[in-house]
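Asker: The structure file coords.pdb (PDB, C-alpha atoms, pLDDT in the B column) is provided below.
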```
ATOM      1  CA  MET H   1      -8.564   8.455 -10.603  1.00 37.00           C
ATOM      2  CA  LYS H   2      -5.457   8.122 -12.790  1.00 37.00           C
ATOM      3  CA  LEU H   3      -4.309   9.142 -16.211  1.00 40.00           C
ATOM      4  CA  TYR H   4      -1.417   7.253 -17.538  1.00 36.00           C
ATOM      5  CA  PHE H   5      -0.984   6.430 -21.148  1.00 39.00           C
ATOM      6  CA  LEU H   6       2.012   7.612 -23.162  1.00 35.00           C
ATOM      7  CA  LEU H   7       1.720   5.372 -26.218  1.00 37.00           C
ATOM      8  CA  ILE H   8      -1.751   5.460 -27.725  1.00 37.00           C
ATOM      9  CA  LEU H   9      -2.751   3.031 -30.452  1.00 36.00           C
ATOM     10  CA  LEU H  10      -4.286   4.821 -33.381  1.00 29.00           C
ATOM     11  CA  THR H  11      -5.032   3.610 -36.858  1.00 28.00           C
ATOM     12  CA  THR H  12      -1.700   5.011 -38.000  1.00 29.00           C
ATOM     13  CA  GLY H  13       0.301   3.305 -35.262  1.00 34.00           C
ATOM     14  CA  CYS H  14       1.705   4.560 -31.980  1.00 44.00           C
ATOM     15  CA  LEU H  15       1.491   8.206 -31.078  1.00 51.00           C
ATOM     16  CA  LYS H  16       3.912   9.438 -28.473  1.00 70.00           C
ATOM     17  CA  LEU H  17       2.821  12.310 -26.266  1.00 79.00           C
ATOM     18  CA  PRO H  18       5.096  15.341 -26.251  1.00 86.00           C
ATOM     19  CA  THR H  19       7.130  16.290 -23.243  1.00 89.00           C
ATOM     20  CA  SER H  20       5.922  19.317 -21.302  1.00 91.00           C
ATOM     21  CA  GLU H  21       8.665  21.354 -22.962  1.00 91.00           C
ATOM     22  CA  GLU H  22       7.589  20.232 -26.435  1.00 90.00           C
ATOM     23  CA  ALA H  23       3.928  20.917 -25.611  1.00 92.00           C
ATOM     24  CA  GLN H  24       4.881  24.316 -24.167  1.00 94.00           C
ATOM     25  CA  VAL H  25       3.130  23.489 -20.904  1.00 93.00           C
ATOM     26  CA  HIS H  26       4.010  25.956 -18.173  1.00 94.00           C
ATOM     27  CA  TYR H  27       1.892  26.290 -15.052  1.00 96.00           C
ATOM     28  CA  SER H  28       2.175  27.768 -11.585  1.00 97.00           C
ATOM     29  CA  THR H  29       2.726  25.311  -8.750  1.00 97.00           C
ATOM     30  CA  GLN H  30       0.404  27.371  -6.561  1.00 96.00           C
ATOM     31  CA  SER H  31      -2.985  25.839  -5.770  1.00 95.00           C
ATOM     32  CA  SER H  32      -5.882  26.611  -8.088  1.00 93.00           C
ATOM     33  CA  ASN H  33      -8.757  28.793  -6.972  1.00 91.00           C
ATOM     34  CA  TRP H  34     -11.495  26.514  -5.658  1.00 93.00           C
ATOM     35  CA  PRO H  35     -15.147  27.561  -5.223  1.00 90.00           C
ATOM     36  CA  LEU H  36     -16.360  27.943  -1.654  1.00 86.00           C
ATOM     37  CA  GLN H  37     -19.565  26.136  -2.614  1.00 87.00           C
ATOM     38  CA  GLU H  38     -18.465  23.334  -4.892  1.00 90.00           C
ATOM     39  CA  VAL H  39     -20.883  21.272  -6.968  1.00 90.00           C
ATOM     40  CA  CYS H  40     -19.486  17.799  -7.630  1.00 89.00           C
ATOM     41  CA  LEU H  41     -20.114  16.148 -10.984  1.00 82.00           C
ATOM     42  CA  ASN H  42     -19.502  12.777  -9.356  1.00 74.00           C
ATOM     43  CA  PRO H  43     -20.642  11.249  -6.050  1.00 59.00           C
ATOM     44  CA  PRO H  44     -18.315  12.548  -3.301  1.00 51.00           C
ATOM     45  CA  ILE H  45     -17.550   9.029  -2.051  1.00 51.00           C
ATOM     46  CA  GLN H  46     -15.633   6.807  -4.465  1.00 49.00           C
ATOM     47  CA  GLU H  47     -14.921   3.185  -3.609  1.00 51.00           C
ATOM     48  CA  GLY H  48     -13.688   0.137  -5.470  1.00 53.00           C
ATOM     49  CA  ILE H  49     -12.582   0.145  -9.090  1.00 62.00           C
ATOM     50  CA  ALA H  50     -12.724   3.357 -11.065  1.00 68.00           C
ATOM     51  CA  LYS H  51     -14.348   2.941 -14.497  1.00 85.00           C
ATOM     52  CA  GLU H  52     -12.341   5.088 -16.889  1.00 86.00           C
ATOM     53  CA  VAL H  53     -11.684   5.105 -20.616  1.00 92.00           C
ATOM     54  CA  LEU H  54      -9.119   7.082 -22.578  1.00 88.00           C
ATOM     55  CA  MET H  55     -10.591   8.595 -25.726  1.00 92.00           C
ATOM     56  CA  ALA H  56      -7.411   8.305 -27.745  1.00 86.00           C
ATOM     57  CA  LYS H  57      -8.196  10.791 -30.484  1.00 86.00           C
ATOM     58  CA  LYS H  58      -9.128  13.477 -27.956  1.00 89.00           C
ATOM     59  CA  LEU H  59      -6.515  12.514 -25.338  1.00 89.00           C
ATOM     60  CA  THR H  60      -9.337  12.800 -22.833  1.00 92.00           C
ATOM     61  CA  VAL H  61     -10.072  10.502 -19.913  1.00 88.00           C
ATOM     62  CA  VAL H  62     -13.772   9.937 -19.247  1.00 92.00           C
ATOM     63  CA  ILE H  63     -15.459   8.359 -16.255  1.00 88.00           C
ATOM     64  CA  ALA H  64     -18.726   6.435 -16.221  1.00 88.00           C
ATOM     65  CA  GLY H  65     -21.567   8.893 -15.632  1.00 86.00           C
ATOM     66  CA  GLY H  66     -24.447  10.743 -17.206  1.00 87.00           C
ATOM     67  CA  GLU H  67     -27.767   9.242 -18.188  1.00 90.00           C
ATOM     68  CA  ASN H  68     -26.529   5.736 -19.036  1.00 94.00           C
ATOM     69  CA  PRO H  69     -23.302   4.827 -17.191  1.00 91.00           C
ATOM     70  CA  ILE H  70     -21.831   1.344 -17.480  1.00 92.00           C
ATOM     71  CA  SER H  71     -22.420  -0.950 -14.471  1.00 90.00           C
ATOM     72  CA  ASP H  72     -19.658  -2.567 -12.408  1.00 85.00           C
ATOM     73  CA  LYS H  73     -20.685  -5.986 -13.712  1.00 90.00           C
ATOM     74  CA  LYS H  74     -20.555  -5.022 -17.379  1.00 93.00           C
ATOM     75  CA  TRP H  75     -17.309  -3.134 -16.858  1.00 91.00           C
ATOM     76  CA  GLU H  76     -15.485  -6.382 -16.070  1.00 88.00           C
ATOM     77  CA  SER H  77     -15.726  -7.610 -19.665  1.00 92.00           C
ATOM     78  CA  TYR H  78     -16.138  -4.255 -21.397  1.00 94.00           C
ATOM     79  CA  LYS H  79     -13.991  -3.484 -24.444  1.00 93.00           C
ATOM     80  CA  PRO H  80     -14.421   0.060 -25.769  1.00 94.00           C
ATOM     81  CA  SER H  81     -14.532   0.620 -29.493  1.00 93.00           C
ATOM     82  CA  PHE H  82     -11.181   1.239 -31.187  1.00 90.00           C
ATOM     83  CA  PRO H  83      -9.148   3.417 -30.788  1.00 88.00           C
ATOM     84  CA  ASN H  84     -10.459   4.093 -27.267  1.00 92.00           C
ATOM     85  CA  ILE H  85      -8.562   2.394 -24.446  1.00 89.00           C
ATOM     86  CA  LYS H  86      -9.913   0.981 -21.207  1.00 87.00           C
ATOM     87  CA  ASN H  87      -7.820   2.070 -18.254  1.00 74.00           C
ATOM     88  CA  SER H  88      -6.166  -0.741 -16.344  1.00 63.00           C
ATOM     89  CA  ASP H  89      -8.058  -1.636 -13.172  1.00 60.00           C
ATOM     90  CA  ARG H  90      -7.187   0.870 -10.486  1.00 67.00           C
ATOM     91  CA  HIS H  91      -7.914   0.205  -6.812  1.00 84.00           C
ATOM     92  CA  THR H  92      -8.265   3.658  -5.303  1.00 88.00           C
ATOM     93  CA  LEU H  93      -6.804   4.690  -1.931  1.00 94.00           C
ATOM     94  CA  PHE H  94      -8.591   8.000  -1.348  1.00 94.00           C
ATOM     95  CA  THR H  95     -11.842   8.252   0.597  1.00 92.00           C
ATOM     96  CA  GLN H  96     -13.553  11.183  -1.118  1.00 91.00           C
ATOM     97  CA  SER H  97     -13.453  12.602  -4.595  1.00 89.00           C
ATOM     98  CA  CYS H  98     -15.040  15.639  -6.235  1.00 91.00           C
ATOM     99  CA  PHE H  99     -14.463  17.066  -9.682  1.00 89.00           C
ATOM    100  CA  ILE H 100     -16.239  20.283 -10.488  1.00 94.00           C
ATOM    101  CA  ARG H 101     -15.951  20.676 -14.249  1.00 94.00           C
ATOM    102  CA  SER H 102     -14.795  18.950 -17.391  1.00 95.00           C
ATOM    103  CA  PRO H 103     -11.578  20.274 -18.980  1.00 93.00           C
ATOM    104  CA  GLN H 104     -13.573  21.846 -21.830  1.00 89.00           C
ATOM    105  CA  ALA H 105     -15.804  23.863 -19.483  1.00 92.00           C
ATOM    106  CA  GLN H 106     -15.279  27.509 -18.590  1.00 91.00           C
ATOM    107  CA  ALA H 107     -14.102  28.349 -15.073  1.00 90.00           C
ATOM    108  CA  ASP H 108     -17.325  30.285 -14.401  1.00 89.00           C
ATOM    109  CA  CYS H 109     -19.603  27.481 -15.629  1.00 91.00           C
ATOM    110  CA  VAL H 110     -22.846  26.673 -13.815  1.00 89.00           C
ATOM    111  CA  GLY H 111     -24.875  23.458 -13.740  1.00 87.00           C
ATOM    112  CA  GLU H 112     -24.914  21.330 -16.886  1.00 87.00           C
ATOM    113  CA  SER H 113     -22.527  23.688 -18.670  1.00 92.00           C
ATOM    114  CA  CYS H 114     -19.768  22.351 -16.386  1.00 93.00           C
ATOM    115  CA  LYS H 115     -20.237  18.850 -17.767  1.00 91.00           C
ATOM    116  CA  LYS H 116     -19.036  17.510 -21.116  1.00 94.00           C
ATOM    117  CA  ILE H 117     -20.870  14.261 -21.952  1.00 94.00           C
ATOM    118  CA  GLU H 118     -19.288  11.752 -24.324  1.00 95.00           C
ATOM    119  CA  HIS H 119     -20.833   8.565 -25.714  1.00 96.00           C
ATOM    120  CA  ILE H 120     -18.949   5.321 -26.333  1.00 96.00           C
ATOM    121  CA  ASN H 121     -20.683   2.042 -27.222  1.00 95.00           C
ATOM    122  CA  HIS H 122     -24.103   3.361 -26.190  1.00 94.00           C
ATOM    123  CA  TYR H 123     -22.855   4.225 -22.685  1.00 97.00           C
ATOM    124  CA  SER H 124     -22.554   7.770 -21.372  1.00 95.00           C
ATOM    125  CA  TRP H 125     -19.354   9.177 -19.892  1.00 95.00           C
ATOM    126  CA  ILE H 126     -18.291  12.462 -18.314  1.00 92.00           C
ATOM    127  CA  ALA H 127     -15.035  14.052 -19.433  1.00 94.00           C
ATOM    128  CA  LEU H 128     -12.785  14.038 -16.377  1.00 88.00           C
ATOM    129  CA  SER H 129      -9.372  15.116 -17.574  1.00 92.00           C
ATOM    130  CA  LYS H 130      -7.244  15.864 -20.599  1.00 93.00           C
ATOM    131  CA  ILE H 131      -3.735  14.513 -21.031  1.00 91.00           C
ATOM    132  CA  VAL H 132      -1.384  17.292 -22.080  1.00 93.00           C
ATOM    133  CA  ALA H 133       2.153  15.901 -21.909  1.00 92.00           C
ATOM    134  CA  ALA H 134       4.360  13.237 -20.373  1.00 91.00           C
ATOM    135  CA  ASP H 135       7.796  13.545 -18.763  1.00 92.00           C
ATOM    136  CA  CYS H 136      10.057  10.822 -17.462  1.00 92.00           C
ATOM    137  CA  LEU H 137      12.780  10.364 -14.869  1.00 94.00           C
ATOM    138  CA  PRO H 138      15.637   9.882 -15.336  1.00 92.00           C
ATOM    139  CA  LYS H 139      15.334  12.565 -18.014  1.00 82.00           C
ATOM    140  CA  ASN H 140      17.394  10.493 -20.435  1.00 68.00           C
ATOM    141  CA  SER H 141      14.858   7.626 -20.267  1.00 65.00           C
ATOM    142  CA  LYS H 142      14.043   7.565 -23.966  1.00 69.00           C
ATOM    143  CA  ASP H 143      12.172   4.280 -23.571  1.00 74.00           C
ATOM    144  CA  CYS H 144       9.940   5.413 -20.705  1.00 71.00           C
ATOM    145  CA  ASP H 145       6.247   4.643 -21.255  1.00 78.00           C
ATOM    146  CA  PRO H 146       3.684   5.463 -18.511  1.00 81.00           C
ATOM    147  CA  SER H 147       1.802   2.247 -19.258  1.00 77.00           C
ATOM    148  CA  LYS H 148       4.976   0.153 -18.840  1.00 83.00           C
ATOM    149  CA  VAL H 149       7.329   1.993 -16.519  1.00 91.00           C
ATOM    150  CA  LYS H 150      10.573   0.126 -15.955  1.00 92.00           C
ATOM    151  CA  PRO H 151      12.388  -0.321 -12.617  1.00 95.00           C
ATOM    152  CA  GLY H 152      14.356   2.790 -11.762  1.00 95.00           C
ATOM    153  CA  GLN H 153      11.994   5.048 -13.712  1.00 95.00           C
ATOM    154  CA  LEU H 154       9.078   7.361 -12.921  1.00 96.00           C
ATOM    155  CA  ALA H 155       6.606   8.726 -15.452  1.00 94.00           C
ATOM    156  CA  PHE H 156       4.897  12.098 -14.957  1.00 95.00           C
ATOM    157  CA  VAL H 157       1.684  12.629 -16.929  1.00 93.00           C
ATOM    158  CA  VAL H 158       0.667  16.290 -17.018  1.00 95.00           C
ATOM    159  CA  THR H 159      -3.131  16.507 -16.952  1.00 94.00           C
ATOM    160  CA  GLU H 160      -5.855  19.121 -16.833  1.00 95.00           C
ATOM    161  CA  LYS H 161      -8.258  18.037 -14.103  1.00 94.00           C
ATOM    162  CA  CYS H 162     -10.399  20.096 -11.672  1.00 95.00           C
ATOM    163  CA  HIS H 163     -10.454  17.381  -9.052  1.00 94.00           C
ATOM    164  CA  ARG H 164     -10.351  17.425  -5.249  1.00 95.00           C
ATOM    165  CA  LEU H 165      -9.260  14.285  -3.369  1.00 95.00           C
ATOM    166  CA  VAL H 166      -9.383  13.417   0.331  1.00 96.00           C
ATOM    167  CA  PHE H 167      -7.175  10.872   2.115  1.00 97.00           C
ATOM    168  CA  ASN H 168      -7.626   9.512   5.632  1.00 97.00           C
ATOM    169  CA  ASP H 169      -5.831   7.278   8.161  1.00 95.00           C
ATOM    170  CA  ARG H 170      -2.707   6.067   6.305  1.00 96.00           C
ATOM    171  CA  ALA H 171      -0.982   7.144   3.115  1.00 98.00           C
ATOM    172  CA  ILE H 172       2.161   6.389   1.137  1.00 98.00           C
ATOM    173  CA  PHE H 173       4.160   9.430   0.090  1.00 98.00           C
ATOM    174  CA  LEU H 174       6.702   9.700  -2.695  1.00 98.00           C
ATOM    175  CA  TYR H 175       9.546  12.136  -1.956  1.00 98.00           C
ATOM    176  CA  GLY H 176      11.947  13.717  -4.433  1.00 98.00           C
ATOM    177  CA  PRO H 177      15.410  15.254  -3.974  1.00 97.00           C
ATOM    178  CA  ASN H 178      14.300  18.874  -4.523  1.00 96.00           C
ATOM    179  CA  GLY H 179      11.303  19.057  -2.183  1.00 97.00           C
ATOM    180  CA  GLU H 180       8.903  17.183  -4.447  1.00 98.00           C
ATOM    181  CA  LYS H 181       6.142  15.209  -2.758  1.00 98.00           C
ATOM    182  CA  ALA H 182       3.332  13.029  -4.085  1.00 98.00           C
ATOM    183  CA  ILE H 183       0.675  10.829  -2.507  1.00 98.00           C
ATOM    184  CA  MET H 184      -0.230   7.365  -3.740  1.00 98.00           C
ATOM    185  CA  HIS H 185      -3.851   7.290  -4.871  1.00 96.00           C
ATOM    186  CA  ALA H 186      -4.223   3.978  -6.703  1.00 92.00           C
ATOM    187  CA  THR H 187      -2.688   0.568  -7.316  1.00 91.00           C
ATOM    188  CA  ALA H 188      -3.250  -2.115  -9.916  1.00 84.00           C
ATOM    189  CA  ASP H 189      -3.750  -4.994  -7.473  1.00 86.00           C
ATOM    190  CA  GLY H 190      -5.083  -3.378  -4.287  1.00 89.00           C
ATOM    191  CA  HIS H 191      -1.845  -4.017  -2.386  1.00 94.00           C
ATOM    192  CA  PRO H 192       0.236  -0.834  -2.069  1.00 96.00           C
ATOM    193  CA  THR H 193       3.931  -1.276  -1.301  1.00 97.00           C
ATOM    194  CA  THR H 194       6.981   0.877  -0.654  1.00 98.00           C
ATOM    195  CA  SER H 195       9.319  -1.749  -2.129  1.00 98.00           C
ATOM    196  CA  VAL H 196       9.872  -0.084  -5.489  1.00 97.00           C
ATOM    197  CA  ASN H 197      13.023   0.564  -7.537  1.00 97.00           C
ATOM    198  CA  LEU H 198      13.014   4.367  -7.938  1.00 98.00           C
ATOM    199  CA  PRO H 199      15.303   6.924  -9.602  1.00 96.00           C
ATOM    200  CA  ASN H 200      18.235   8.210  -7.540  1.00 96.00           C
ATOM    201  CA  GLY H 201      17.129  10.623  -4.821  1.00 97.00           C
ATOM    202  CA  TRP H 202      13.515   9.423  -4.703  1.00 98.00           C
ATOM    203  CA  SER H 203      11.986   7.447  -1.823  1.00 98.00           C
ATOM    204  CA  LEU H 204       8.694   6.104  -0.489  1.00 98.00           C
ATOM    205  CA  LYS H 205       7.363   6.278   3.056  1.00 98.00           C
ATOM    206  CA  GLU H 206       4.116   5.094   4.617  1.00 98.00           C
ATOM    207  CA  GLU H 207       2.769   7.572   7.159  1.00 98.00           C
ATOM    208  CA  ILE H 208      -0.185   7.883   9.528  1.00 98.00           C
ATOM    209  CA  LEU H 209      -2.381  10.912   8.895  1.00 98.00           C
ATOM    210  CA  ASP H 210      -3.475  12.704  12.060  1.00 96.00           C
ATOM    211  CA  LYS H 211      -6.263  14.406  10.108  1.00 97.00           C
ATOM    212  CA  ALA H 212      -7.836  14.271   6.683  1.00 97.00           C
ATOM    213  CA  LEU H 213      -5.500  15.359   3.878  1.00 98.00           C
ATOM    214  CA  VAL H 214      -7.307  17.310   1.157  1.00 97.00           C
ATOM    215  CA  ILE H 215      -5.512  17.973  -2.123  1.00 98.00           C
ATOM    216  CA  TYR H 216      -6.406  20.426  -4.876  1.00 97.00           C
ATOM    217  CA  PRO H 217      -5.089  20.981  -8.393  1.00 97.00           C
ATOM    218  CA  PHE H 218      -2.403  23.492  -9.289  1.00 97.00           C
ATOM    219  CA  GLY H 219      -2.003  26.300 -11.770  1.00 95.00           C
ATOM    220  CA  GLY H 220      -3.193  29.317  -9.806  1.00 89.00           C
ATOM    221  CA  GLU H 221      -6.239  31.409 -10.723  1.00 83.00           C
ATOM    222  CA  ASN H 222      -8.725  29.301 -12.714  1.00 86.00           C
ATOM    223  CA  LYS H 223      -6.389  26.638 -14.077  1.00 93.00           C
ATOM    224  CA  CYS H 224      -6.416  23.000 -12.946  1.00 96.00           C
ATOM    225  CA  PHE H 225      -3.265  20.929 -13.468  1.00 97.00           C
ATOM    226  CA  TYR H 226      -1.922  17.804 -11.832  1.00 97.00           C
ATOM    227  CA  ASN H 227       1.174  15.742 -12.381  1.00 97.00           C
ATOM    228  CA  VAL H 228       0.030  12.144 -12.115  1.00 95.00           C
ATOM    229  CA  ILE H 229       3.012   9.883 -11.490  1.00 96.00           C
ATOM    230  CA  ARG H 230       3.349   6.160 -12.106  1.00 94.00           C
ATOM    231  CA  ASP H 231       6.059   3.753 -10.916  1.00 96.00           C
ATOM    232  CA  SER H 232       7.208   0.399 -12.274  1.00 94.00           C
ATOM    233  CA  LEU H 233       4.644  -1.521 -10.174  1.00 94.00           C
ATOM    234  CA  MET H 234       1.790   0.474 -11.745  1.00 91.00           C
ATOM    235  CA  GLN H 235       1.231   2.373  -8.514  1.00 95.00           C
ATOM    236  CA  SER H 236       0.004   5.906  -9.144  1.00 94.00           C
ATOM    237  CA  TYR H 237       0.424   9.203  -7.312  1.00 97.00           C
ATOM    238  CA  HIS H 238      -0.798  12.811  -7.399  1.00 98.00           C
ATOM    239  CA  GLN H 239       2.020  15.312  -6.973  1.00 98.00           C
ATOM    240  CA  ILE H 240       1.222  17.695  -4.106  1.00 98.00           C
ATOM    241  CA  GLN H 241       4.503  19.611  -3.717  1.00 98.00           C
ATOM    242  CA  TYR H 242       6.946  20.853  -6.322  1.00 97.00           C
ATOM    243  CA  GLY H 243      10.576  21.884  -6.193  1.00 95.00           C
ATOM    244  CA  GLN H 244       9.997  25.145  -8.051  1.00 96.00           C
ATOM    245  CA  ASP H 245       7.430  27.924  -8.555  1.00 96.00           C
ATOM    246  CA  PHE H 246       6.471  26.731 -12.034  1.00 96.00           C
ATOM    247  CA  TYR H 247       6.339  23.400 -13.808  1.00 96.00           C
ATOM    248  CA  PRO H 248       8.419  22.400 -15.624  1.00 93.00           C
TER     249      PRO H 248
END
```
Taking this structure as input, can you express it in the form of structure tokens?

Answerer:
Amino acid sequence: MKLYFLLILLTTGCLKLPTSEEAQVHYSTQSSNWPLQEVCLNPPIQEGIAKEVLMAKKLTVVIAGGENPISDKKWESYKPSFPNIKNSDRHTLFTQSCFIRSPQAQADCVGESCKKIEHINHYSWIALSKIVAADCLPKNSKDCDPSKVKPGQLAFVVTEKCHRLVFNDRAIFLYGPNGEKAIMHATADGHPTTSVNLPNGWSLKEEILDKALVIYPFGGENKCFYNVIRDSLMQSYHQIQYGQDFYP
């Protein structure tokens, strides 16, 4: 799953997301509390193309689900009603996925109260995440757009998302100069590569996993934040290590 739009077309034109500093986002880079007995709002095994739509006015990403989800076949030609935006096709690299509550739900929610259902074009969708802010590297990249990242840039989309992911066998990791680390979770074409023009101090490495790698959101206590990163080849990553105790 991936969350990567910085410029959102609205009836009034383009709306640029604030930086984390402008949005006053400040969260702990410690892992969130996770229930011992989780109840997934989605099937635990996710394969193929993720069907996601950005509800532009709410800055919320929804995934097909609920009583009337869109089928894979209809998704191919689907065009959501304006100003909603269909996410670019994302070929996922993780083997299991579980999200336990929509961003609007309380941390102590139970059952259906954990699920926020939205309706677009007669289909039902479950709110998966909320986009809060977007940061770019290099920091002076005034033209950086997460939907069109240029060579030598990285875009960081700060999102609220109570989502657990599992990776097996092989993975591509993104490393930063201050101890940052992220794992590639999706590509646009199904062909992940380490041949990417990155900002100074950043690198990519493909590694063999000797056991399953399970990642959880950050924020400590009952908060759920991720930095979802995108490179110039539209490859996407979840940040799993930070260079400081709080972000930003």

Asker: Could you write out as a PyMOL selection string the residues that the PyMOL selection byres ((chain H and resi 20) around 7) matches in the shown file?

Answerer: chain H and resi 18-19+21-25+133-135+248

Asker: Please, could you write that set of residues out with C-alpha atoms as a PDB file, in the frame of the given file?

Answerer:
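Written out: again-v6.pdb:
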```pdb
ATOM      1  CA  PRO H  18       5.096  15.341 -26.251  1.00 86.00           C
ATOM      2  CA  THR H  19       7.130  16.290 -23.243  1.00 89.00           C
ATOM      3  CA  GLU H  21       8.665  21.354 -22.962  1.00 91.00           C
ATOM      4  CA  GLU H  22       7.589  20.232 -26.435  1.00 90.00           C
ATOM      5  CA  ALA H  23       3.928  20.917 -25.611  1.00 92.00           C
ATOM      6  CA  GLN H  24       4.881  24.316 -24.167  1.00 94.00           C
ATOM      7  CA  VAL H  25       3.130  23.489 -20.904  1.00 93.00           C
ATOM      8  CA  ALA H 133       2.153  15.901 -21.909  1.00 92.00           C
ATOM      9  CA  ALA H 134       4.360  13.237 -20.373  1.00 91.00           C
ATOM     10  CA  ASP H 135       7.796  13.545 -18.763  1.00 92.00           C
ATOM     11  CA  PRO H 248       8.419  22.400 -15.624  1.00 93.00           C
TER      12      PRO H 248
END
```

Asker: Report, in Å to a single decimal, how far apart CA of Val149 in chain H and CA of Ala188 in chain H are.

Answerer: 13.1 Å

Asker: The PyMOL selection byres ((chain H and resi 117) around 9) on the file shown: which residues, as a ChimeraX atom specification?

Answerer: /H:62,65-66,102,115-116,118-119,124-127

Asker: Rounded to one decimal in Å, what is the spacing between CA of Leu174 in chain H and CA of Ser195 in chain H?

Answerer: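 About the pair CA of Leu174 in chain H and CA of Ser195 in chain H: they are 11.8 Å apart.
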
Asker: Considering only C-alpha atoms, return as a list in words whatever protein or nucleic-acid residues lie within 7 Å of range 234-238 of chain H, sequence-local ones (same chain, fewer than 4 positions apart) excluded.

Answerer: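 Residues meeting the cut-off are Lys2, Ala182, Ile183, Met184, His185, Ala186, Thr187, Ala188, Tyr226, Asn227, Val228, Ile229 and Arg230 of chain H.
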
Asker: Just the number, please: distance in Å from CA of Thr29 in chain H to CA of Cys144 in chain H, one decimal.

Answerer: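 It comes out at 24.3 Å.
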
Asker: Go through H:Cys224, H:His122, H:Ser232, H:Phe218 and flag the residue nearest Thr193 in chain H, using all atoms listed in the file for the distances.

Answerer: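 Nearest to Thr193 in chain H: H:Ser232.
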
Asker: Which residues, written as a PyMOL selection string, have at least one atom at most 6 Å from range 160-166 of chain H, with all atoms listed in the file counted and residues fewer than 3 positions away on the same chain left out?

Answerer: chain H and resi 94-100+129-130+213-216+224-225

Asker: Store the residues of this selection in a file with C-alpha atoms, as a CSV table (one decimal), keeping the file's coordinate frame.

Answerer:
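Output saved as part06.csv:
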```
chain,number,residue,atom,x,y,z
H,94,PHE,CA,-8.6,8.0,-1.3
H,95,THR,CA,-11.8,8.3,0.6
H,96,GLN,CA,-13.6,11.2,-1.1
H,97,SER,CA,-13.5,12.6,-4.6
H,98,CYS,CA,-15.0,15.6,-6.2
H,99,PHE,CA,-14.5,17.1,-9.7
H,100,ILE,CA,-16.2,20.3,-10.5
H,129,SER,CA,-9.4,15.1,-17.6
H,130,LYS,CA,-7.2,15.9,-20.6
H,213,LEU,CA,-5.5,15.4,3.9
H,214,VAL,CA,-7.3,17.3,1.2
H,215,ILE,CA,-5.5,18.0,-2.1
H,216,TYR,CA,-6.4,20.4,-4.9
H,224,CYS,CA,-6.4,23.0,-12.9
H,225,PHE,CA,-3.3,20.9,-13.5
```

Asker: Determine the nearest neighbour of Ser32 in chain H from the options H:Gly179, H:Pro146, H:Gly152, H:Pro217, counting all atoms listed in the file.

Answerer: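 Counting all atoms listed in the file, the residue closest to Ser32 in chain H is H:Pro217.
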
Asker: Could you complete range 27-38 of chain H so that it carries N, CA and C atoms, and give it back as a PDB file, in the frame of the given file?

Answerer:
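Written output follows (part_29.pdb):
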```
ATOM      1  N   TYR H  27       2.927  25.878 -15.991  1.00 96.00           N
ATOM      2  CA  TYR H  27       1.892  26.290 -15.052  1.00 96.00           C
ATOM      3  C   TYR H  27       2.467  26.558 -13.661  1.00 96.00           C
ATOM      4  N   SER H  28       1.781  27.419 -12.939  1.00 97.00           N
ATOM      5  CA  SER H  28       2.175  27.768 -11.585  1.00 97.00           C
ATOM      6  C   SER H  28       1.972  26.576 -10.658  1.00 97.00           C
ATOM      7  N   THR H  29       2.877  26.393  -9.718  1.00 97.00           N
ATOM      8  CA  THR H  29       2.726  25.311  -8.750  1.00 97.00           C
ATOM      9  C   THR H  29       2.008  25.786  -7.487  1.00 97.00           C
ATOM     10  N   GLN H  30       1.312  26.914  -7.612  1.00 96.00           N
ATOM     11  CA  GLN H  30       0.404  27.371  -6.561  1.00 96.00           C
ATOM     12  C   GLN H  30      -0.953  26.701  -6.763  1.00 96.00           C
ATOM     13  N   SER H  31      -1.679  26.495  -5.675  1.00 95.00           N
ATOM     14  CA  SER H  31      -2.985  25.839  -5.770  1.00 95.00           C
ATOM     15  C   SER H  31      -3.956  26.652  -6.621  1.00 95.00           C
ATOM     16  N   SER H  32      -4.848  25.952  -7.298  1.00 93.00           N
ATOM     17  CA  SER H  32      -5.882  26.611  -8.088  1.00 93.00           C
ATOM     18  C   SER H  32      -6.913  27.259  -7.169  1.00 93.00           C
ATOM     19  N   ASN H  33      -7.604  28.257  -7.694  1.00 91.00           N
ATOM     20  CA  ASN H  33      -8.757  28.793  -6.972  1.00 91.00           C
ATOM     21  C   ASN H  33      -9.855  27.727  -6.945  1.00 91.00           C
ATOM     22  N   TRP H  34     -10.464  27.536  -5.807  1.00 93.00           N
ATOM     23  CA  TRP H  34     -11.495  26.514  -5.658  1.00 93.00           C
ATOM     24  C   TRP H  34     -12.760  27.165  -5.114  1.00 93.00           C
ATOM     25  N   PRO H  35     -13.919  26.894  -5.685  1.00 90.00           N
ATOM     26  CA  PRO H  35     -15.147  27.561  -5.223  1.00 90.00           C
ATOM     27  C   PRO H  35     -15.482  27.205  -3.774  1.00 90.00           C
ATOM     28  N   LEU H  36     -15.976  28.184  -3.040  1.00 86.00           N
ATOM     29  CA  LEU H  36     -16.360  27.943  -1.654  1.00 86.00           C
ATOM     30  C   LEU H  36     -17.533  26.976  -1.569  1.00 86.00           C
ATOM     31  N   GLN H  37     -18.423  27.041  -2.559  1.00 87.00           N
ATOM     32  CA  GLN H  37     -19.565  26.136  -2.614  1.00 87.00           C
ATOM     33  C   GLN H  37     -19.434  25.279  -3.877  1.00 87.00           C
ATOM     34  N   GLU H  38     -18.710  24.197  -3.747  1.00 90.00           N
ATOM     35  CA  GLU H  38     -18.465  23.334  -4.892  1.00 90.00           C
ATOM     36  C   GLU H  38     -19.696  22.501  -5.228  1.00 90.00           C
TER      37      GLU H  38
END
```
